[in-house]
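J.: Sharing target-v8.txt here; it has compact mmCIF, C-alpha atoms and all ligand atoms.
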# COMPACT_ATOMS: atom_id res chain seq x y z
CA MET A 1 5.31 -15.00 -36.82
CA THR A 2 2.88 -12.23 -37.84
CA THR A 3 3.66 -9.93 -40.79
CA LEU A 4 4.19 -7.13 -38.28
CA ALA A 5 6.72 -9.18 -36.30
CA ILE A 6 8.61 -10.12 -39.50
CA ALA A 7 8.73 -6.46 -40.53
CA ARG A 8 9.97 -5.49 -37.06
CA ALA A 9 12.68 -8.20 -37.20
CA LYS A 10 13.91 -6.80 -40.55
CA ILE A 11 14.02 -3.29 -39.12
CA ALA A 12 15.87 -4.65 -36.07
CA ARG A 13 18.55 -6.15 -38.35
CA LYS A 14 18.94 -2.83 -40.20
CA GLU A 15 19.11 -0.91 -36.93
CA GLN A 16 21.75 -3.35 -35.66
CA LEU A 17 23.94 -2.54 -38.68
CA LEU A 18 23.32 1.16 -38.12
CA CYS A 19 24.26 0.73 -34.46
CA ARG A 20 27.59 -0.78 -35.39
CA ARG A 21 28.38 2.10 -37.73
CA LYS A 22 27.47 4.71 -35.08
CA GLN A 23 29.05 2.59 -32.33
CA VAL A 24 25.77 2.62 -30.41
CA SER A 25 25.57 -0.57 -28.46
CA VAL A 26 22.12 -1.84 -27.79
CA LYS A 27 22.62 -5.36 -26.49
CA THR A 28 21.61 -7.99 -29.07
CA ARG A 29 19.53 -9.70 -26.41
CA SER A 30 17.62 -6.45 -25.75
CA LEU A 31 16.84 -6.11 -29.46
CA ILE A 32 15.61 -9.71 -29.64
CA VAL A 33 13.46 -9.36 -26.50
CA GLY A 34 12.20 -5.90 -27.52
CA THR A 35 11.26 -7.06 -31.01
CA ALA A 36 9.63 -10.22 -29.62
CA THR A 37 7.27 -8.12 -27.49
CA TYR A 38 5.46 -7.15 -30.70
CA ILE A 39 4.43 -10.79 -31.15
CA PRO A 40 0.95 -11.20 -29.65
CA GLY A 41 1.04 -12.88 -26.23
CA LEU A 42 4.77 -12.37 -25.58
CA ARG A 43 4.52 -8.90 -24.05
CA SER A 44 2.99 -10.30 -20.87
CA LEU A 45 6.19 -12.34 -20.33
CA THR A 46 8.08 -9.12 -19.57
CA GLY A 47 8.00 -7.37 -16.21
CA ARG A 48 6.45 -10.29 -14.33
CA ARG A 49 8.42 -9.40 -11.21
CA THR A 50 9.97 -6.14 -10.06
CA GLY A 51 12.71 -7.50 -7.81
CA GLY A 52 13.58 -5.59 -4.69
CA THR A 53 10.55 -5.52 -2.44
CA VAL A 54 10.40 -9.31 -2.10
CA SER A 55 13.01 -8.79 0.63
CA ALA A 56 12.09 -7.28 4.02
CA ARG A 57 15.70 -6.13 4.47
CA TYR A 58 15.53 -4.26 1.15
CA CYS A 59 12.24 -2.56 2.16
CA TYR A 60 13.68 -1.61 5.57
CA SER A 61 16.81 -0.25 3.93
CA ILE A 62 14.84 1.85 1.40
CA TRP A 63 12.37 3.34 3.86
CA LEU A 64 15.09 4.29 6.35
CA ARG A 65 17.11 5.93 3.57
CA HIS A 66 14.15 8.16 2.62
CA LEU A 67 13.51 8.92 6.30
CA LEU A 68 17.15 9.74 7.09
CA MET A 69 17.52 11.94 4.05
CA LEU A 70 14.33 13.84 4.98
CA HIS A 71 15.81 14.39 8.43
CA ARG A 72 19.06 15.58 6.87
CA SER A 73 17.10 18.00 4.66
CA GLY A 74 15.51 19.50 7.77
CA GLN A 75 12.07 18.04 7.00
CA PRO A 76 9.58 16.35 9.34
CA THR A 77 9.90 12.58 9.82
CA THR A 78 6.43 11.91 11.27
CA PHE A 79 3.50 11.57 8.93
CA GLU A 80 -0.19 10.93 9.17
CA THR A 81 -0.85 9.80 5.58
CA ILE A 82 1.80 8.62 3.15
CA ALA A 83 1.44 7.51 -0.47
CA GLU A 84 3.82 5.39 -2.52
CA LEU A 85 4.00 5.17 -6.27
CA GLY A 86 5.12 1.79 -7.66
CA PRO A 87 5.64 -0.48 -4.63
CA GLY A 88 6.30 -3.50 -6.90
CA ASP A 89 6.31 -7.06 -5.55
CA SER A 90 5.25 -6.16 -2.00
CA LEU A 91 4.00 -3.21 0.04
CA GLY A 92 7.03 -3.62 2.32
CA ILE A 93 8.47 -0.10 2.03
CA GLY A 94 5.16 1.44 3.08
CA LEU A 95 4.73 -1.16 5.83
CA ALA A 96 8.12 -0.08 7.19
CA ALA A 97 6.77 3.48 7.21
CA LEU A 98 3.73 2.33 9.21
CA LEU A 99 6.09 0.63 11.67
CA SER A 100 7.87 3.98 12.05
CA GLY A 101 4.60 5.59 13.13
CA ALA A 102 2.82 6.69 9.92
CA GLN A 103 -0.94 6.29 10.37
CA ARG A 104 -2.09 5.51 6.87
CA TYR A 105 -0.39 4.12 3.75
CA LEU A 106 -1.83 4.48 0.24
CA SER A 107 -0.06 2.36 -2.35
CA LEU A 108 -0.53 2.89 -6.10
CA ASP A 109 0.86 0.76 -8.89
CA VAL A 110 0.09 0.22 -12.56
CA VAL A 111 0.34 -3.58 -12.11
CA ARG A 112 -0.96 -5.56 -9.12
CA TYR A 113 2.28 -7.31 -8.12
CA ALA A 114 1.86 -7.53 -4.35
CA ASP A 115 -0.24 -10.15 -2.59
CA ASN A 116 -1.46 -10.42 1.00
CA ALA A 117 0.61 -13.49 1.92
CA ARG A 118 3.91 -11.91 0.85
CA ASN A 119 2.97 -8.59 2.47
CA LEU A 120 2.27 -10.37 5.76
CA ARG A 121 5.54 -12.33 5.66
CA ILE A 122 7.50 -9.12 5.00
CA PHE A 123 5.58 -7.32 7.75
CA GLU A 124 6.58 -9.91 10.38
CA GLU A 125 10.23 -9.71 9.28
CA LEU A 126 10.09 -5.90 9.41
CA ILE A 127 8.74 -5.97 12.97
CA ALA A 128 11.78 -8.02 14.03
CA LEU A 129 14.17 -5.58 12.30
CA PHE A 130 12.60 -2.57 14.07
CA ARG A 131 12.47 -4.37 17.44
CA ASP A 132 16.16 -5.23 17.09
CA ARG A 133 17.01 -1.68 15.95
CA ALA A 134 18.94 -3.43 13.16
CA PRO A 135 21.52 -1.34 11.29
CA ILE A 136 20.44 -0.21 7.81
CA PRO A 137 21.56 -2.77 5.20
CA ASP A 138 24.35 -1.05 3.28
CA GLU A 139 25.98 -1.26 -0.16
CA ALA A 140 27.76 -4.51 0.72
CA GLU A 141 24.32 -6.16 0.89
CA PHE A 142 22.55 -4.04 -1.76
CA PRO A 143 25.28 -2.67 -4.03
CA LEU A 144 22.85 -1.06 -6.48
CA VAL A 145 20.65 0.73 -3.96
CA ARG A 146 20.87 4.50 -3.77
CA PRO A 147 21.26 6.90 -2.08
CA LEU A 148 24.38 5.88 -0.19
CA LEU A 149 24.42 7.06 3.42
CA ARG A 150 27.17 8.48 5.62
CA SER A 151 26.20 6.09 8.41
CA TYR A 152 24.19 2.88 8.37
CA ALA A 153 23.60 2.82 12.12
CA PHE A 154 19.98 2.53 13.24
CA PRO A 155 18.62 6.13 13.44
CA ALA A 156 17.77 6.01 17.15
CA ASP A 157 17.64 9.83 17.29
CA ILE A 158 14.72 9.83 14.81
CA LEU A 159 13.07 6.55 15.79
CA THR A 160 13.32 7.01 19.53
CA SER A 161 12.25 4.33 22.01
CA ALA A 162 9.16 6.37 22.90
CA ARG A 163 8.17 6.58 19.23
CA LEU A 164 8.79 2.89 18.56
CA ASP A 165 6.95 1.81 21.72
CA VAL A 166 3.81 3.43 20.34
CA ALA A 167 4.36 2.32 16.75
CA LEU A 168 5.10 -1.31 17.68
CA HIS A 169 2.37 -1.70 20.30
CA PRO A 170 0.87 -5.22 19.93
CA LYS A 171 -2.69 -3.87 19.51
CA ARG A 172 -1.55 -1.56 16.72
CA LEU A 173 0.33 -4.40 15.00
CA GLU A 174 -2.87 -6.50 15.11
CA LEU A 175 -4.79 -3.70 13.41
CA ILE A 176 -2.18 -3.42 10.67
CA ARG A 177 -2.12 -7.22 10.17
CA PHE A 178 -5.88 -7.15 9.69
CA ALA A 179 -5.52 -4.28 7.18
CA ILE A 180 -2.81 -6.16 5.25
CA ASN A 181 -5.20 -9.11 4.93
CA ASN A 182 -8.06 -6.80 3.95
CA PRO A 183 -6.49 -3.81 2.18
CA ALA A 184 -8.85 -1.00 1.24
CA THR A 185 -9.16 -0.48 -2.51
CA SER A 186 -10.09 3.19 -2.22
CA PRO A 187 -8.66 5.87 0.07
CA ARG A 188 -12.23 6.54 1.18
CA GLY A 189 -12.33 2.99 2.59
CA GLY A 190 -10.44 3.93 5.77
CA GLY A 191 -7.96 1.59 7.49
CA PRO A 192 -4.17 1.89 7.61
CA VAL A 193 -3.48 0.09 4.29
CA CYS A 194 -4.93 0.91 0.89
CA TYR A 195 -3.63 -0.75 -2.30
CA ILE A 196 -4.86 0.42 -5.69
CA ALA A 197 -3.46 -1.29 -8.78
CA PRO A 198 -3.99 -0.28 -11.46
CA TRP A 199 -4.63 3.27 -10.32
CA GLU A 200 -6.22 6.15 -12.18
CA PRO A 201 -5.83 9.93 -11.92
CA GLY A 202 -8.04 11.51 -9.30
CA VAL A 203 -8.05 8.39 -7.12
CA ILE A 204 -6.62 10.26 -4.10
CA GLU A 205 -8.44 13.33 -2.82
CA ASN A 206 -6.65 16.64 -3.18
CA GLY A 207 -4.71 17.91 -0.16
CA THR A 208 -4.89 14.72 1.92
CA VAL A 209 -1.34 13.33 1.90
CA ASP A 210 1.72 14.35 3.97
CA LEU A 211 4.41 12.45 2.04
CA VAL A 212 4.51 10.92 -1.45
CA PHE A 213 7.53 8.76 -2.18
CA SER A 214 8.84 6.32 -4.78
CA GLN A 215 11.90 4.17 -5.34
CA THR A 216 13.12 3.63 -8.92
CA VAL A 217 9.71 4.35 -10.44
CA LEU A 218 9.71 7.81 -12.03
CA GLU A 219 12.05 6.73 -14.84
CA PHE A 220 9.07 4.82 -16.31
CA PRO A 221 5.90 6.94 -16.61
CA HIS A 222 5.62 8.57 -20.03
CA ASP A 223 3.30 11.33 -18.85
CA LEU A 224 5.67 12.83 -16.28
CA PRO A 225 3.98 16.28 -16.21
CA GLY A 226 0.67 14.53 -15.48
CA ILE A 227 2.16 12.31 -12.74
CA TYR A 228 3.89 15.23 -11.00
CA ALA A 229 0.70 17.31 -11.19
CA GLN A 230 -1.24 14.42 -9.60
CA MET A 231 1.27 13.93 -6.79
CA CYS A 232 1.35 17.65 -6.09
CA ARG A 233 -2.46 17.77 -5.89
CA TRP A 234 -2.56 14.87 -3.39
CA LEU A 235 -0.20 16.67 -1.01
CA LYS A 236 -1.37 18.94 1.77
CA PRO A 237 0.17 22.44 1.67
CA GLY A 238 3.72 21.97 2.98
CA GLY A 239 3.57 18.24 2.12
CA ILE A 240 6.71 16.51 0.87
CA MET A 241 7.82 14.35 -2.06
CA SER A 242 10.80 12.01 -1.87
CA HIS A 243 11.78 10.21 -5.07
CA GLU A 244 14.80 8.08 -5.87
CA ILE A 245 15.13 8.00 -9.67
CA ASP A 246 17.44 5.81 -11.74
CA PHE A 247 18.59 7.36 -15.03
CA LYS A 248 20.52 4.33 -16.30
CA SER A 249 19.47 2.23 -19.29
CA VAL A 250 18.44 -0.78 -17.13
CA GLY A 251 20.80 -3.04 -19.07
CA ILE A 252 19.29 -2.43 -22.51
CA THR A 253 22.52 -0.88 -23.79
CA VAL A 254 26.11 -1.84 -23.00
CA GLU A 255 26.88 1.65 -21.69
CA TRP A 256 25.00 2.86 -18.60
CA ASN A 257 23.74 5.91 -20.53
CA GLY A 258 23.64 4.35 -24.02
CA HIS A 259 19.85 4.86 -24.18
CA TRP A 260 20.48 8.54 -24.91
CA SER A 261 22.35 7.55 -28.05
CA CYS A 262 19.44 5.58 -29.52
CA SER A 263 17.22 7.09 -32.17
CA ASP A 264 13.52 6.89 -31.38
CA ALA A 265 13.14 4.12 -34.02
CA LEU A 266 15.94 2.03 -32.50
CA TRP A 267 14.60 2.59 -28.99
CA ARG A 268 11.12 1.46 -30.07
CA LEU A 269 12.70 -1.85 -31.10
CA ALA A 270 14.99 -2.29 -28.12
CA ALA A 271 12.41 -1.33 -25.49
CA GLY A 272 9.62 -2.82 -27.56
CA ARG A 273 6.27 -3.12 -25.81
CA ARG A 274 7.82 -4.23 -22.52
CA ARG A 275 5.46 -3.70 -19.62
CA HIS A 276 7.75 -1.03 -18.20
CA ARG A 277 9.62 1.12 -20.71
CA LEU A 278 11.96 3.90 -19.64
CA ASN A 279 10.82 7.42 -20.45
CA ARG A 280 14.53 8.34 -20.98
CA GLU A 281 13.96 11.73 -19.30
CA PRO A 282 17.09 13.11 -17.62
CA HIS A 283 17.47 14.59 -14.13
CA SER A 284 16.74 18.19 -15.19
CA THR A 285 13.25 17.28 -16.47
CA HIS A 286 12.22 16.19 -12.96
CA ILE A 287 13.67 19.30 -11.33
CA ALA A 288 11.97 21.55 -13.91
CA LEU A 289 8.58 19.88 -13.42
CA LEU A 290 8.77 20.23 -9.65
CA ARG A 291 9.76 23.89 -9.93
CA ARG A 292 7.00 24.55 -12.44
CA MET A 293 4.51 23.48 -9.78
CA GLY A 294 6.07 25.82 -7.28
CA CYS A 295 7.67 23.05 -5.18
CA ARG A 296 10.84 23.89 -3.27
CA ILE A 297 13.68 21.41 -3.78
CA VAL A 298 15.16 20.58 -0.38
CA CYS A 299 17.41 17.69 -1.43
CA ASP A 300 18.97 16.83 -4.77
CA GLU A 301 21.47 14.06 -4.06
CA ARG A 302 22.87 13.12 -7.48
CA VAL A 303 25.11 10.17 -8.24
CA VAL A 304 27.60 11.34 -10.85
CA GLN A 305 29.21 8.84 -13.19
CA PRO A 306 31.47 9.60 -16.17
CA SER A 307 29.51 9.44 -19.40
CA ALA A 308 30.10 6.17 -21.26
CA ILE A 309 29.21 7.76 -24.61
CA THR A 310 30.57 10.77 -26.46
CA ARG A 311 28.49 13.84 -27.29
CA ALA A 312 28.78 12.86 -30.98
CA GLN A 313 26.94 9.64 -30.19
CA LEU A 314 23.90 11.39 -28.70
CA ALA A 315 20.66 10.90 -30.64
CA THR A 316 19.20 14.06 -32.16
CA ARG A 317 16.55 14.27 -29.46
CA PHE A 318 19.21 14.33 -26.71
CA ARG A 319 21.82 16.48 -28.47
CA ASP A 320 21.26 19.35 -26.05
CA LEU A 321 21.62 17.32 -22.84
CA THR A 322 23.69 19.29 -20.36
CA ASP A 323 26.92 17.75 -19.04
CA GLU A 324 25.17 17.48 -15.67
CA ASP A 325 22.35 15.40 -17.15
CA LEU A 326 24.72 13.27 -19.20
CA THR A 327 26.61 12.24 -16.09
CA THR A 328 23.78 11.92 -13.55
CA SER A 329 23.07 8.20 -13.16
CA SER A 330 20.57 8.51 -10.29
CA ALA A 331 19.21 11.08 -7.87
CA LEU A 332 17.22 11.36 -4.69
CA ILE A 333 15.01 14.41 -5.09
CA GLN A 334 12.98 15.74 -2.19
CA ALA A 335 10.66 18.73 -2.58
CA VAL A 336 8.09 20.61 -0.52
CA LYS A 337 4.73 21.81 -1.82
CA PRO A 338 4.13 25.51 -1.14
CA THR A 339 1.93 26.33 1.87
C1 LIG B 1 11.69 -1.04 -10.89
S1 LIG B 1 10.14 -1.34 -10.12
C2 LIG B 1 10.46 -0.70 -8.48
C3 LIG B 1 9.61 -1.38 -7.46
C4 LIG B 1 9.90 -0.94 -6.01
N1 LIG B 1 9.66 0.46 -5.82
C5 LIG B 1 11.32 -1.28 -5.62
O1 LIG B 1 12.05 -0.43 -5.10
O2 LIG B 1 11.71 -2.45 -5.81
C6 LIG B 1 9.11 -0.09 -10.84
C7 LIG B 1 7.69 -0.09 -10.30
O3 LIG B 1 7.04 1.09 -10.76
C8 LIG B 1 5.74 0.77 -11.17
N2 LIG B 1 5.27 1.83 -12.06
C9 LIG B 1 5.68 2.15 -13.30
N3 LIG B 1 4.98 3.19 -13.78
C10 LIG B 1 4.12 3.56 -12.79
C11 LIG B 1 3.12 4.57 -12.66
N4 LIG B 1 2.85 5.42 -13.66
N5 LIG B 1 2.43 4.62 -11.51
C12 LIG B 1 2.67 3.76 -10.49
N6 LIG B 1 3.60 2.80 -10.56
C13 LIG B 1 4.31 2.69 -11.69
C14 LIG B 1 5.90 -0.60 -11.80
O4 LIG B 1 4.69 -1.28 -11.95
C15 LIG B 1 6.82 -1.26 -10.77
O5 LIG B 1 6.08 -1.77 -9.70
Translate the structure described by the file into structure tokens.
T.:
Amino acid sequence: MTTLAIARAKIARKEQLLCRRKQVSVKTRSLIVGTATYIPGLRSLTGRRTGGTVSARYCYSIWLRHLLMLHRSGQPTTFETIAELGPGDSLGIGLAALLSGAQRYLSLDVVRYADNARNLRIFEELIALFRDRAPIPDEAEFPLVRPLLRSYAFPADILTSARLDVALHPKRLELIRFAINNPATSPRGGGPVCYIAPWEPGVIENGTVDLVFSQTVLEFPHDLPGIYAQMCRWLKPGGIMSHEIDFKSVGITVEWNGHWSCSDALWRLAAGRRRHRLNREPHSTHIALLRRMGCRIVCDERVVQPSAITRAQLATRFRDLTDEDLTTSSALIQAVKPT
């Protein structure tokens, strides 16, 4: 163990005692893993997989939720160019969007998780789901996925037969298969699929995208003002954002919102140098950033859960959290860029 790791382990022990006194419950395992990430070489063992998008049914379910909610918010459901932030293990959610008629899909991640073989497998499974007009997989199959919907029937009023006939035409599918095998690495490269990981600011030209979406991603970036400014620049005037954001502590604390009770020092140990560390920003930060850029919020579907911690337990930095923030465990936020 390096001197730094030994010092961190001692601090972790002290913080554990402090936790007990304040009744803050970072899981012991989280502290061990978080502290271990300071040991050279161990950080890369965290975040090797992202989970959901290895399943075509998950990708289908997520894309159709964004699409249905856009429809419910009175927004368009046909797009020329779409961009996704943080696709994870496969590009499946964006591929589902292409199968719904989108012309071009730009996919940006900080880590290159997806590979062509998995993307192709998911694509073939997605084609079958769309051809069958399969119902949207619901909370019985994916209990943690949000938002919940009123109906999980296939949205035949949005994805009409005429629309799907064009989108699923064999020649078009061949073109997309070719693009999945040869994804462009720059939006200037043309083609229906572009995958850039890691991505850098300025990679997408201003005013070229119709829809930017993400699923359980925006709880991670630490430069949220910068990320929102980027996304807003990519959008055409009147373009739309659709983001599902999870505000829970991703299992680091016993309580779903226990991360807001951790001092910065304790959080540095518990989250450590994991590849993906929560930014711990609450719901209102996202709404404020969108408004600051002049975007109009058209959907703010919050999941409200009783707080599992008392106000007295909140860390100094979070002492002024509103009751609404303290009890919002996730939200689907959709917003329109001014024209
Ligand atoms: C919890 S996973 C979600 C993956 C996928 N969206 C899903 O629904 O399964 C979070 C993803 O966000 C990505 N991510 C984190 N920060 C990001 C950033 N600043 N820009 C793009 N992607 C980011 C991670 O690399 C990871 O792929």
J.: Just checking: using only C-alpha atoms, which residue out of A:Ser55, A:Asn206, A:Thr339, A:Ser44 ends up closest to Met231 in chain A?
T.: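 The shortest atom-to-atom distance to Met231 in chain A comes from A:Asn206.
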J.: Could you pull out the residues sitting within 8 Å of ligand LIG 1 (chain B), using all atoms listed in the file, and write them as an MDAnalysis selection string?
T.: chainID A and resid 50:54 59 62 85:89 93 108:113 198:199 214:223 227 276
J.: So which one's closest to Gly101 in chain A, A:Asp165, A:Glu125, A:Glu84, A:Asp325? Using only C-alpha atoms, please.
T.: A:Asp165
J.: I'd like the contact shell of range 269-272 of chain A - 7 Å cut-off, all atoms listed in the file, skipping same-chain residues fewer than 5 positions apart - returned as a list of chain:residue names.
T.: A:Ala12, A:Ser30, A:Leu31, A:Gly34, A:Thr35, A:Thr37, A:Tyr38, A:Arg277
J.: What's the separation between CA of Gly258 in chain A and CA of Arg311 in chain A, in Å to one decimal place?
T.: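 Going from CA of Gly258 in chain A over to CA of Arg311 in chain A covers 11.1 Å.
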J.: Which one is closest to Pro192 in chain A: A:Arg268, A:Arg146, A:Arg121, A:Arg104? Count only C-alpha atoms.
T.: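 Of the candidates, the smallest distance to Pro192 in chain A is held by A:Arg104.
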J.: Looking at all atoms listed in the file, which of A:Ile204, A:Cys295, A:Met241, A:Leu95 is the one that sits closest to Lys337 in chain A?
T.: A:Cys295
J.: As an exercise, work out the distance from CA of Thr328 in chain A to CA of Trp256 in chain A in Å and give it to one decimal place.
T.: 10.4 Å
J.: Taking only C-alpha atoms into account, name the residue in A:Ala288, A:Ile136, A:Leu235, A:Leu266 that is nearest to Ile333 in chain A.
T.: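 Closest candidate: A:Ala288.
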J.: Rounded to one decimal place, report the CA of Val336 in chain A-CA of Val298 in chain A distance in Å.
T.: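 Result for CA of Val336 in chain A versus CA of Val298 in chain A: 7.1 Å, one decimal.
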J.: Measuring atom to atom with only C-alpha atoms, identify which of A:Cys262, A:Pro338, A:Arg131, A:Leu68 is nearest to His169 in chain A.
T.: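 Under the stated criterion, the closest residue is A:Arg131.
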J.: Find the axis-aligned box for range 139-146 of chain A, covering all its listed atoms and adding 5 Å on each side, and write its centre and edge lengths in Å to one decimal as lines of an AutoDock Vina configuration file.
T.:
center_x = 24.2
center_y = -0.8
center_z = -2.8
size_x = 17.1
size_y = 20.7
size_z = 17.4
J.: Give me the residues within 12 Å of Arg177 in chain A as a list in words, counting all atoms listed in the file and dropping any in the same chain fewer than 4 places off.
T.: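 My reading of the contact set: Leu95, Leu98, Leu99, Asn116, Ala117, Asn119, Leu120, Arg121, Ile122, Phe123, Glu124, Ile127, Leu168, Pro170, Lys171, Arg172, Leu173, Asn181, Asn182, Pro183, Gly191, Pro192 and Val193 of chain A.
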